[in-house]
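Asks: Hey, dropping coords-v3.cif in here, mmCIF, C-alpha atoms and all ligand atoms:
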```cif
data_structure
#
loop_
_atom_site.label_atom_id
_atom_site.label_comp_id
_atom_site.auth_asym_id
_atom_site.auth_seq_id
_atom_site.Cartn_x
_atom_site.Cartn_y
_atom_site.Cartn_z
CA MET A 1 -67.66 41.03 19.50
CA ILE A 2 -65.41 40.43 16.50
CA GLY A 3 -68.29 39.56 14.15
CA LYS A 4 -68.32 42.90 12.32
CA LEU A 5 -64.53 43.06 12.10
CA LEU A 6 -64.45 39.59 10.54
CA ALA A 7 -67.29 40.36 8.12
CA ASP A 8 -65.70 43.64 7.01
CA GLY A 9 -62.27 42.03 6.76
CA ASN A 10 -63.51 39.10 4.71
CA ASN A 11 -65.37 41.45 2.35
CA ARG A 12 -62.21 43.51 1.94
CA LEU A 13 -60.17 40.36 1.20
CA ARG A 14 -62.70 39.42 -1.49
CA GLU A 15 -62.45 42.92 -2.99
CA LEU A 16 -58.68 42.50 -3.09
CA GLY A 17 -59.08 39.18 -4.90
CA LEU A 18 -57.90 37.21 -1.84
CA GLY A 19 -61.24 35.56 -1.10
CA GLY A 20 -59.81 32.31 -2.41
CA PHE A 21 -57.71 31.92 0.74
CA MET A 22 -60.91 31.98 2.75
CA GLU A 23 -63.02 29.67 0.65
CA LYS A 24 -60.83 27.33 -1.33
CA ALA A 25 -58.77 24.37 -0.28
CA ALA A 26 -57.23 21.29 -1.89
CA GLU A 27 -59.21 19.63 -4.69
CA THR A 28 -62.94 19.58 -3.81
CA GLY A 29 -62.47 21.99 -0.90
CA SER A 30 -64.50 19.65 1.33
CA VAL A 31 -61.94 19.79 4.09
CA LEU A 32 -62.89 23.33 5.15
CA LYS A 33 -66.57 22.42 5.38
CA ILE A 34 -65.81 19.19 7.26
CA THR A 35 -63.56 21.06 9.69
CA ARG A 36 -66.15 23.79 10.34
CA ASN A 37 -68.92 21.22 10.75
CA TYR A 38 -66.83 19.30 13.28
CA LEU A 39 -66.11 22.45 15.29
CA ASP A 40 -69.81 23.32 15.21
CA SER A 41 -70.77 19.83 16.40
CA LEU A 42 -68.94 20.42 19.70
CA THR A 43 -71.08 22.13 22.34
CA ILE A 44 -70.21 23.49 25.77
CA GLU A 45 -71.81 23.03 29.19
CA THR A 46 -71.89 25.94 31.67
CA ARG A 47 -70.71 26.13 35.29
CA MET A 48 -71.88 29.45 36.67
CA MET A 49 -71.77 29.04 40.46
CA ASP A 50 -68.53 29.97 42.22
CA SER A 51 -67.14 31.07 38.86
CA LEU A 52 -64.54 33.85 38.48
CA PHE A 53 -63.59 36.25 35.70
CA ALA A 54 -61.03 34.14 33.91
CA CYS A 55 -57.35 34.85 33.30
CA THR A 56 -56.36 34.00 29.71
CA GLU A 57 -52.59 34.21 30.14
CA MET A 58 -50.47 31.62 28.34
CA THR A 59 -46.89 30.78 29.32
CA ILE A 60 -44.66 29.11 26.74
CA PHE A 61 -40.91 28.65 26.63
CA GLY A 62 -40.61 30.60 29.88
CA GLN A 63 -42.53 33.70 28.71
CA THR A 64 -46.04 34.78 29.60
CA PHE A 65 -48.44 36.32 27.09
CA SER A 66 -51.90 37.86 27.59
CA THR A 67 -53.58 35.35 25.31
CA PRO A 68 -53.28 31.85 23.83
CA VAL A 69 -54.44 33.34 20.48
CA MET A 70 -51.45 33.82 18.18
CA THR A 71 -51.08 34.98 14.58
CA ALA A 72 -50.49 31.96 12.32
CA ALA A 73 -47.36 31.38 10.23
CA LEU A 74 -48.51 33.44 7.25
CA SER A 75 -46.47 34.82 4.38
CA GLY A 76 -46.76 37.15 1.40
CA LEU A 77 -49.97 39.23 1.76
CA GLY A 78 -48.48 42.21 -0.10
CA ALA A 79 -51.86 42.75 -1.78
CA ILE A 80 -53.40 43.68 1.59
CA CYS A 81 -51.11 46.49 2.69
CA SER A 82 -47.46 47.50 2.59
CA ASN A 83 -45.16 45.61 4.95
CA PRO A 84 -48.00 43.20 5.83
CA MET A 85 -46.00 40.87 8.07
CA VAL A 86 -44.47 43.81 9.96
CA GLU A 87 -47.98 45.23 10.49
CA MET A 88 -49.06 41.77 11.64
CA ALA A 89 -46.16 41.70 14.12
CA LYS A 90 -47.01 45.14 15.50
CA GLY A 91 -50.60 43.99 16.01
CA ALA A 92 -49.46 40.83 17.79
CA LYS A 93 -47.03 42.75 19.98
CA ASN A 94 -49.65 45.32 20.98
CA ALA A 95 -52.00 42.49 21.92
CA ASN A 96 -49.13 40.87 23.89
CA ALA A 97 -49.52 37.78 21.72
CA VAL A 98 -47.01 35.52 19.98
CA MET A 99 -46.30 36.23 16.31
CA TRP A 100 -45.59 33.37 13.88
CA VAL A 101 -44.23 33.82 10.36
CA GLY A 102 -43.82 31.45 7.42
CA ILE A 103 -41.70 31.67 4.30
CA GLY A 104 -39.96 35.00 3.67
CA THR A 105 -36.62 36.74 3.45
CA GLY A 106 -34.12 37.38 6.23
CA GLU A 107 -34.71 41.14 5.82
CA GLU A 108 -38.42 40.65 6.43
CA LEU A 109 -37.76 38.49 9.49
CA GLU A 110 -35.37 41.12 10.86
CA ALA A 111 -38.02 43.82 10.44
CA ILE A 112 -40.66 41.63 12.08
CA ILE A 113 -38.45 40.87 15.08
CA GLY A 114 -37.47 44.56 15.14
CA THR A 115 -41.05 45.41 16.16
CA GLY A 116 -40.37 43.68 19.46
CA ALA A 117 -42.93 40.92 18.77
CA LYS A 118 -41.91 37.51 20.11
CA THR A 119 -41.64 35.73 16.77
CA ILE A 120 -41.67 32.06 15.82
CA LYS A 121 -40.16 31.41 12.38
CA ILE A 122 -41.45 28.41 10.41
CA VAL A 123 -38.98 27.16 7.79
CA LYS A 124 -40.20 25.25 4.73
CA PRO A 125 -39.27 21.55 4.37
CA TYR A 126 -36.67 22.23 1.68
CA LYS A 127 -35.06 19.20 0.05
CA ASP A 128 -31.77 21.05 0.45
CA LYS A 129 -30.80 20.36 4.08
CA GLU A 130 -28.10 23.03 4.02
CA LEU A 131 -30.73 25.63 3.16
CA VAL A 132 -32.79 24.48 6.16
CA PHE A 133 -29.74 24.82 8.44
CA GLU A 134 -29.08 28.30 7.00
CA LYS A 135 -32.66 29.41 7.66
CA ILE A 136 -32.58 28.02 11.21
CA ALA A 137 -29.25 29.76 11.92
CA GLU A 138 -30.60 33.01 10.44
CA ALA A 139 -33.69 32.89 12.68
CA GLU A 140 -31.47 32.29 15.73
CA ARG A 141 -29.06 35.10 14.77
CA LEU A 142 -31.92 37.55 14.23
CA GLY A 143 -33.40 36.83 17.66
CA ALA A 144 -36.42 34.63 16.91
CA PHE A 145 -38.31 33.31 19.93
CA ALA A 146 -38.46 29.81 18.43
CA VAL A 147 -38.10 28.11 15.06
CA GLY A 148 -39.85 25.22 13.36
CA MET A 149 -40.88 23.53 10.15
CA ASP A 150 -44.22 22.95 8.40
CA ILE A 151 -43.54 19.30 7.64
CA SER A 152 -46.88 18.96 5.84
CA PHE A 153 -46.04 21.29 3.01
CA PHE A 154 -43.97 19.15 0.69
CA PHE A 155 -46.80 18.67 -1.81
CA GLY A 156 -48.30 22.16 -1.52
CA GLY A 157 -47.56 25.46 -3.12
CA LYS A 158 -48.16 27.18 -6.39
CA LYS A 159 -45.76 26.76 -9.27
CA GLU A 160 -46.01 30.37 -10.39
CA ASP A 161 -44.89 31.64 -6.98
CA SER A 162 -41.15 32.25 -6.95
CA LEU A 163 -40.79 31.61 -3.22
CA ILE A 164 -42.99 28.54 -2.80
CA ARG A 165 -41.84 26.06 -5.41
CA PRO A 166 -43.07 22.52 -4.69
CA GLU A 167 -40.12 20.98 -6.51
CA LEU A 168 -37.83 22.48 -3.86
CA MET A 169 -39.66 20.77 -0.96
CA GLY A 170 -39.62 17.18 0.22
CA PRO A 171 -40.67 14.89 3.07
CA LYS A 172 -38.37 14.86 6.08
CA THR A 173 -37.04 11.80 7.90
CA LEU A 174 -37.02 11.45 11.68
CA ASP A 175 -33.20 11.71 11.60
CA GLU A 176 -33.35 14.92 9.59
CA ILE A 177 -35.80 16.46 12.07
CA LYS A 178 -33.50 15.37 14.91
CA SER A 179 -30.60 17.13 13.18
CA PHE A 180 -32.66 20.36 12.88
CA VAL A 181 -33.60 20.17 16.56
CA GLN A 182 -29.94 19.71 17.48
CA ALA A 183 -28.78 22.51 15.17
CA THR A 184 -30.28 25.28 17.29
CA LYS A 185 -30.50 26.51 20.86
CA LEU A 186 -34.03 27.72 20.07
CA PRO A 187 -37.09 25.57 20.76
CA PHE A 188 -37.85 23.67 17.52
CA ILE A 189 -41.54 23.21 16.62
CA LEU A 190 -43.12 20.69 14.25
CA LYS A 191 -46.06 22.25 12.39
CA GLY A 192 -48.45 20.06 10.45
CA VAL A 193 -48.84 17.09 12.78
CA LEU A 194 -52.13 15.27 12.12
CA SER A 195 -51.56 11.75 13.41
CA GLU A 196 -50.53 9.92 16.57
CA GLN A 197 -47.57 8.56 14.59
CA ASP A 198 -46.12 11.99 13.77
CA ALA A 199 -46.78 13.17 17.34
CA ARG A 200 -44.79 10.19 18.67
CA LYS A 201 -41.99 10.85 16.18
CA GLY A 202 -42.04 14.52 17.15
CA LEU A 203 -41.31 13.54 20.74
CA GLN A 204 -38.57 11.14 19.59
CA ALA A 205 -37.01 13.93 17.54
CA GLY A 206 -36.88 16.22 20.57
CA ALA A 207 -39.37 18.79 19.25
CA ALA A 208 -40.17 21.51 21.80
CA ALA A 209 -43.81 21.75 20.65
CA ILE A 210 -46.09 20.61 17.85
CA VAL A 211 -48.81 22.32 15.84
CA VAL A 212 -51.77 20.09 15.05
CA SER A 213 -52.83 21.47 11.67
CA HIS A 214 -53.98 20.55 8.18
CA HIS A 215 -52.59 23.84 6.86
CA GLY A 216 -56.06 25.30 6.44
CA GLY A 217 -57.06 22.49 4.11
CA ALA A 218 -54.41 23.44 1.58
CA VAL A 219 -52.56 20.14 1.59
CA LEU A 220 -54.90 17.12 1.77
CA ASP A 221 -58.57 17.03 0.81
CA TYR A 222 -60.62 15.18 3.47
CA ALA A 223 -57.89 15.67 6.07
CA VAL A 224 -59.21 14.88 9.55
CA PRO A 225 -60.35 18.00 11.48
CA PRO A 226 -57.53 18.97 13.87
CA LEU A 227 -59.87 19.05 16.88
CA LYS A 228 -61.16 15.56 16.10
CA ILE A 229 -57.72 13.99 16.35
CA LEU A 230 -56.43 16.38 19.03
CA PRO A 231 -57.50 14.30 22.08
CA ARG A 232 -55.62 11.24 20.73
CA ILE A 233 -52.54 13.31 19.98
CA ALA A 234 -52.74 14.89 23.43
CA LYS A 235 -52.69 11.38 24.92
CA VAL A 236 -49.49 10.57 23.01
CA ILE A 237 -47.83 13.88 23.98
CA SER A 238 -49.04 13.41 27.56
CA GLY A 239 -48.09 16.92 28.70
CA GLU A 240 -44.41 16.54 27.74
CA ILE A 241 -44.46 19.50 25.31
CA PRO A 242 -47.03 22.16 24.37
CA ILE A 243 -49.53 21.42 21.61
CA PHE A 244 -50.77 24.25 19.43
CA VAL A 245 -53.62 23.99 16.93
CA ASP A 246 -54.62 25.80 13.77
CA SER A 247 -56.94 25.42 10.77
CA GLY A 248 -60.40 26.89 10.97
CA ILE A 249 -60.18 28.57 14.39
CA VAL A 250 -62.32 31.70 14.18
CA ARG A 251 -64.19 32.64 17.37
CA GLY A 252 -63.46 32.51 21.10
CA THR A 253 -65.60 29.39 21.38
CA ASP A 254 -63.35 27.64 18.81
CA VAL A 255 -60.30 28.62 20.87
CA PHE A 256 -61.97 27.32 24.03
CA LYS A 257 -62.80 23.96 22.40
CA ALA A 258 -59.19 23.56 21.24
CA LEU A 259 -57.84 24.35 24.72
CA ALA A 260 -60.34 21.99 26.36
CA LEU A 261 -59.33 19.14 24.06
CA GLY A 262 -55.63 19.45 24.80
CA ALA A 263 -54.11 22.53 23.17
CA SER A 264 -51.98 25.10 25.00
CA GLY A 265 -52.64 27.77 22.39
CA VAL A 266 -54.04 28.36 18.90
CA LEU A 267 -52.90 30.05 15.71
CA VAL A 268 -55.31 32.11 13.62
CA GLY A 269 -54.36 32.62 9.98
CA ARG A 270 -57.18 33.72 7.73
CA THR A 271 -58.96 35.61 10.49
CA ALA A 272 -55.73 37.51 11.24
CA MET A 273 -55.68 38.38 7.53
CA ALA A 274 -59.19 39.78 7.90
CA GLY A 275 -57.98 41.99 10.76
CA LEU A 276 -55.01 43.11 8.67
CA ALA A 277 -57.30 43.93 5.74
CA VAL A 278 -59.53 46.15 7.88
CA GLY A 279 -56.94 48.10 9.83
CA ALA A 280 -53.34 46.90 9.38
CA ALA A 281 -51.62 46.53 12.81
CA GLU A 282 -54.60 47.98 14.67
CA GLY A 283 -56.96 45.59 12.91
CA VAL A 284 -54.79 42.61 13.89
CA GLN A 285 -54.60 43.81 17.50
CA LYS A 286 -58.39 44.27 17.65
CA LEU A 287 -58.92 40.82 16.16
CA ILE A 288 -56.64 39.13 18.71
CA THR A 289 -57.92 41.02 21.75
CA GLY A 290 -61.53 40.61 20.59
CA THR A 291 -61.12 36.85 20.14
CA ASN A 292 -59.40 36.70 23.52
CA GLU A 293 -62.26 38.56 25.21
CA GLU A 294 -64.67 36.02 23.71
CA LEU A 295 -62.49 33.27 25.14
CA ARG A 296 -62.42 34.96 28.57
CA ARG A 297 -66.23 35.10 28.52
CA VAL A 298 -66.54 31.38 27.70
CA MET A 299 -63.98 30.46 30.37
CA SER A 300 -65.82 32.59 32.95
CA LEU A 301 -69.18 30.99 32.06
CA THR A 302 -67.73 27.51 32.38
CA GLY A 303 -65.95 27.90 35.72
CA CYS A 304 -62.42 27.87 34.28
CA PRO A 305 -60.27 30.47 36.07
CA SER A 306 -57.21 29.76 33.90
CA ILE A 307 -56.25 27.93 30.74
CA SER A 308 -54.71 25.01 32.61
CA GLU A 309 -57.99 24.55 34.51
CA ILE A 310 -60.19 24.03 31.43
CA ASP A 311 -61.91 20.68 31.91
CA PRO A 312 -62.29 18.48 28.78
CA ASN A 313 -65.62 17.23 30.20
CA LEU A 314 -67.10 20.67 29.47
CA ILE A 315 -67.26 19.67 25.78
CA TRP A 316 -70.26 17.68 24.53
CA SER A 317 -70.10 16.14 21.06
C1 LIG B 401 -51.77 33.38 2.65
C2 LIG B 401 -51.26 32.27 3.49
C3 LIG B 401 -49.89 32.03 3.58
C4 LIG B 401 -49.39 31.01 4.39
N1 LIG B 401 -48.03 30.81 4.45
C5 LIG B 401 -47.55 29.85 5.27
C6 LIG B 401 -46.14 29.64 5.41
O1 LIG B 401 -45.33 30.27 4.74
N2 LIG B 401 -45.72 28.69 6.29
C7 LIG B 401 -46.58 27.95 7.04
O2 LIG B 401 -46.16 27.13 7.85
N3 LIG B 401 -47.92 28.10 6.91
C8 LIG B 401 -48.42 29.03 6.05
N4 LIG B 401 -49.77 29.21 5.94
C9 LIG B 401 -50.68 28.33 6.71
C10 LIG B 401 -51.08 28.95 8.04
O3 LIG B 401 -49.99 29.05 8.92
C11 LIG B 401 -52.15 28.09 8.75
O4 LIG B 401 -51.64 26.80 8.98
C12 LIG B 401 -53.43 27.97 7.94
O5 LIG B 401 -53.78 29.18 7.33
C13 LIG B 401 -54.58 27.44 8.79
O6 LIG B 401 -55.03 28.34 9.72
P1 LIG B 401 -56.37 29.21 9.48
O7 LIG B 401 -57.47 28.26 9.17
O8 LIG B 401 -56.56 29.96 10.76
O9 LIG B 401 -56.08 30.12 8.31
C14 LIG B 401 -50.28 30.20 5.11
C15 LIG B 401 -51.67 30.44 5.03
C16 LIG B 401 -52.16 31.45 4.23
C17 LIG B 401 -53.65 31.66 4.16
#
```
Written as structure tokens, that's how I'd like the structure from this file.
Ligand SMILES: Cc1cc2nc3c(=O)[nH]c(=O)nc-3n(C[C@H](O)[C@H](O)[C@H](O)COP(=O)(O)O)c2cc1C

Replies:
Amino acid sequence: MIGKLLADGNNRLRELGLGGFMEKAAETGSVLKITRNYLDSLTIETRMMDSLFACTEMTIFGQTFSTPVMTAALSGLGAICSNPMVEMAKGAKNANAVMWVGIGTGEELEAIIGTGAKTIKIVKPYKDKELVFEKIAEAERLGAFAVGMDISFFFGGKKEDSLIRPELMGPKTLDEIKSFVQATKLPFILKGVLSEQDARKGLQAGAAAIVVSHHGGAVLDYAVPPLKILPRIAKVISGEIPIFVDSGIVRGTDVFKALALGASGVLVGRTAMAGLAVGAAEGVQKLITGTNEELRRVMSLTGCPSISEIDPNLIWS
């Protein structure tokens, strides 16, 4: 259903010189291939009899959305269209989906939240703790739905970019994360968890959710595919807090596999960019609702009436 939209969007991104986001990753770039191959190695059994048309609603932090497919914590994207993150937010809102946003100014965050989209703000792991506290307080003041940090990003970034300067970022201690959690009334989310150890520490810190992610392969070459480690992380988290997943999720079947293996929802980054490139807010909305309809179809064909009833045994590796 979304095949043509994705193909057109990816072509447009290449024309705009943004193809690199789709194809390149850290060092050899192997991580994207490994992640895709792992997703493709997972197959799905069917359960047709007594099945129902599935409900794809997701409830998090007390609010219900039409879909577990959310726009990832992106940033920049000015080459695609004007006010790209605001267009992204309008698309998410119209799809009744959660909007995430990464690095950016307070003015941009205000405009994003002004669209009415429920917005999760991800703050960079700045070395300067006071700057982190400021960004968290700003997100709370502006009415963000939740706030968090991409803890994996302290070695990433491009030197020429004025906003993302690697020398400004650093690894965070458990105590620092605890202090961020305690600094806000908002749910605090750890993005970039890719081990049982960090999942355990996330719980200790009081995180309200985690995102299992290798940042689209941008941080560590040969990083383990998020869905490969997800079942182990889900065992550690043991239902205490929601687990979200990103990195390489493209089609409804990918979403289904993530949900079956322990996720409550997924973030789509580069595919949301493809939607944006084709039709701004409308393109993003079509991308989210199209992916969600694919998910509904898979759930209906596998006898899963709701997200919480997706059985991990449906997945064959
Ligand atoms: C252009 C671009 C900008 C991004 N900016 C951020 C950011 O500021 N903060 C963040 O946490 N993640 C950022 N990400 C990472 C995404 O949130 C996501 O983790 C990653 O793209 C993997 O998902 P995907 O495979 O669906 O693209 C960015 C990704 C892209 C492609």

Asks: Could you jot down the atom CA of Ala95 of chain A to atom CA of Glu107 of chain A separation for me, Å, one decimal place?

Replies: 23.7 Å

Asks: Looking at A:Ala205, A:Leu174, A:Val123, A:Met88, which one is nearest to ligand LIG 401 (chain B), with distances taken over all atoms listed in the file?

Replies: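 So, comparing all the options, the nearest one is A:Val123.
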
Asks: In terms of the shortest atom-to-atom distance over only C-alpha atoms and all ligand atoms, which of A:Leu77, A:Ala89, A:Val181, A:Leu276 is closest to ligand LIG 401 (chain B)?

Replies: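 Looking only at the distances to ligand LIG 401 (chain B), the closest residue turns out to be A:Leu77.
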
Asks: Please identify every polymer residue within 6 Å of ligand LIG 401 (chain B), using all atoms listed in the file, and present the set as a PDB file with C-alpha atoms, keeping the file's coordinate frame.

Replies:
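Okay, this is what ended up in part34.pdb:
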```pdb
ATOM      1  CA  PHE A  21     -57.710  31.920   0.740  1.00  0.00           C
ATOM      2  CA  ALA A  72     -50.490  31.960  12.320  1.00  0.00           C
ATOM      3  CA  ALA A  73     -47.360  31.380  10.230  1.00  0.00           C
ATOM      4  CA  LEU A  74     -48.510  33.440   7.250  1.00  0.00           C
ATOM      5  CA  SER A  75     -46.470  34.820   4.380  1.00  0.00           C
ATOM      6  CA  GLY A 102     -43.820  31.450   7.420  1.00  0.00           C
ATOM      7  CA  ILE A 103     -41.700  31.670   4.300  1.00  0.00           C
ATOM      8  CA  ILE A 122     -41.450  28.410  10.410  1.00  0.00           C
ATOM      9  CA  ASP A 150     -44.220  22.950   8.400  1.00  0.00           C
ATOM     10  CA  HIS A 215     -52.590  23.840   6.860  1.00  0.00           C
ATOM     11  CA  GLY A 216     -56.060  25.300   6.440  1.00  0.00           C
ATOM     12  CA  ASP A 246     -54.620  25.800  13.770  1.00  0.00           C
ATOM     13  CA  SER A 247     -56.940  25.420  10.770  1.00  0.00           C
ATOM     14  CA  GLY A 248     -60.400  26.890  10.970  1.00  0.00           C
ATOM     15  CA  ILE A 249     -60.180  28.570  14.390  1.00  0.00           C
ATOM     16  CA  VAL A 268     -55.310  32.110  13.620  1.00  0.00           C
ATOM     17  CA  GLY A 269     -54.360  32.620   9.980  1.00  0.00           C
ATOM     18  CA  ARG A 270     -57.180  33.720   7.730  1.00  0.00           C
TER      19      ARG A 270
END
```

Asks: Any idea what's packed within 10 Å of Asn10 of chain A, counting all atoms listed in the file, ignoring anything in its chain fewer than 5 positions away? Could you give it as a list in words?

Replies: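 Listing them by chain and then by number gives Lys4, Leu5, Glu15, Leu16, Leu18, Gly19, Met22, Arg270, Thr271, Met273, Ala274, Gly275, Ala277 and Val278 of chain A.
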
Asks: From the set A:Glu134, A:Glu309, A:Thr71, A:Lys124, which residue has the shortest atom-to-atom contact distance to Val245 of chain A, counting only C-alpha atoms?

Replies: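 Checking each candidate against Val245 of chain A, we get A:Thr71 as the closest.
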
Asks: For Ser30 of chain A, which residue among A:Gly279, A:Pro231, A:Gly252, A:Pro225 is the nearest when counting all atoms listed in the file?

Replies: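 Counting all atoms listed in the file, the residue closest to Ser30 of chain A is A:Pro225.
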
Asks: For Ala111 of chain A, which residue out of A:Ile136, A:Val98, A:Val86, A:Leu131 is the nearest one, using all atoms listed in the file?

Replies: A:Val86

Asks: Which is closest to Pro84 of chain A among A:Ala97, A:Phe133, A:Leu109, A:Phe145, if we use only C-alpha atoms?

Replies: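 Counting only C-alpha atoms, the residue closest to Pro84 of chain A is A:Leu109.
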
Asks: Counting only C-alpha atoms, write as a ChimeraX atom specification all protein and nucleic acid residues lying at most 10 Å from (-55.7, 16.1, -0.2) in the file's frame.

Replies: /A:25-31,155-156,214,217-223

Asks: Quick one: everything within 12 Å of segment 291-294 of chain A, counting all atoms listed in the file, minus sequence neighbours fewer than 4 positions away in the same chain. Send it as a PyMOL selection string.

Replies: chain A and resi 1-3+5-6+53-58+65-71+95-97+249-256+265-268+271-272+275+284-287+298-301+307
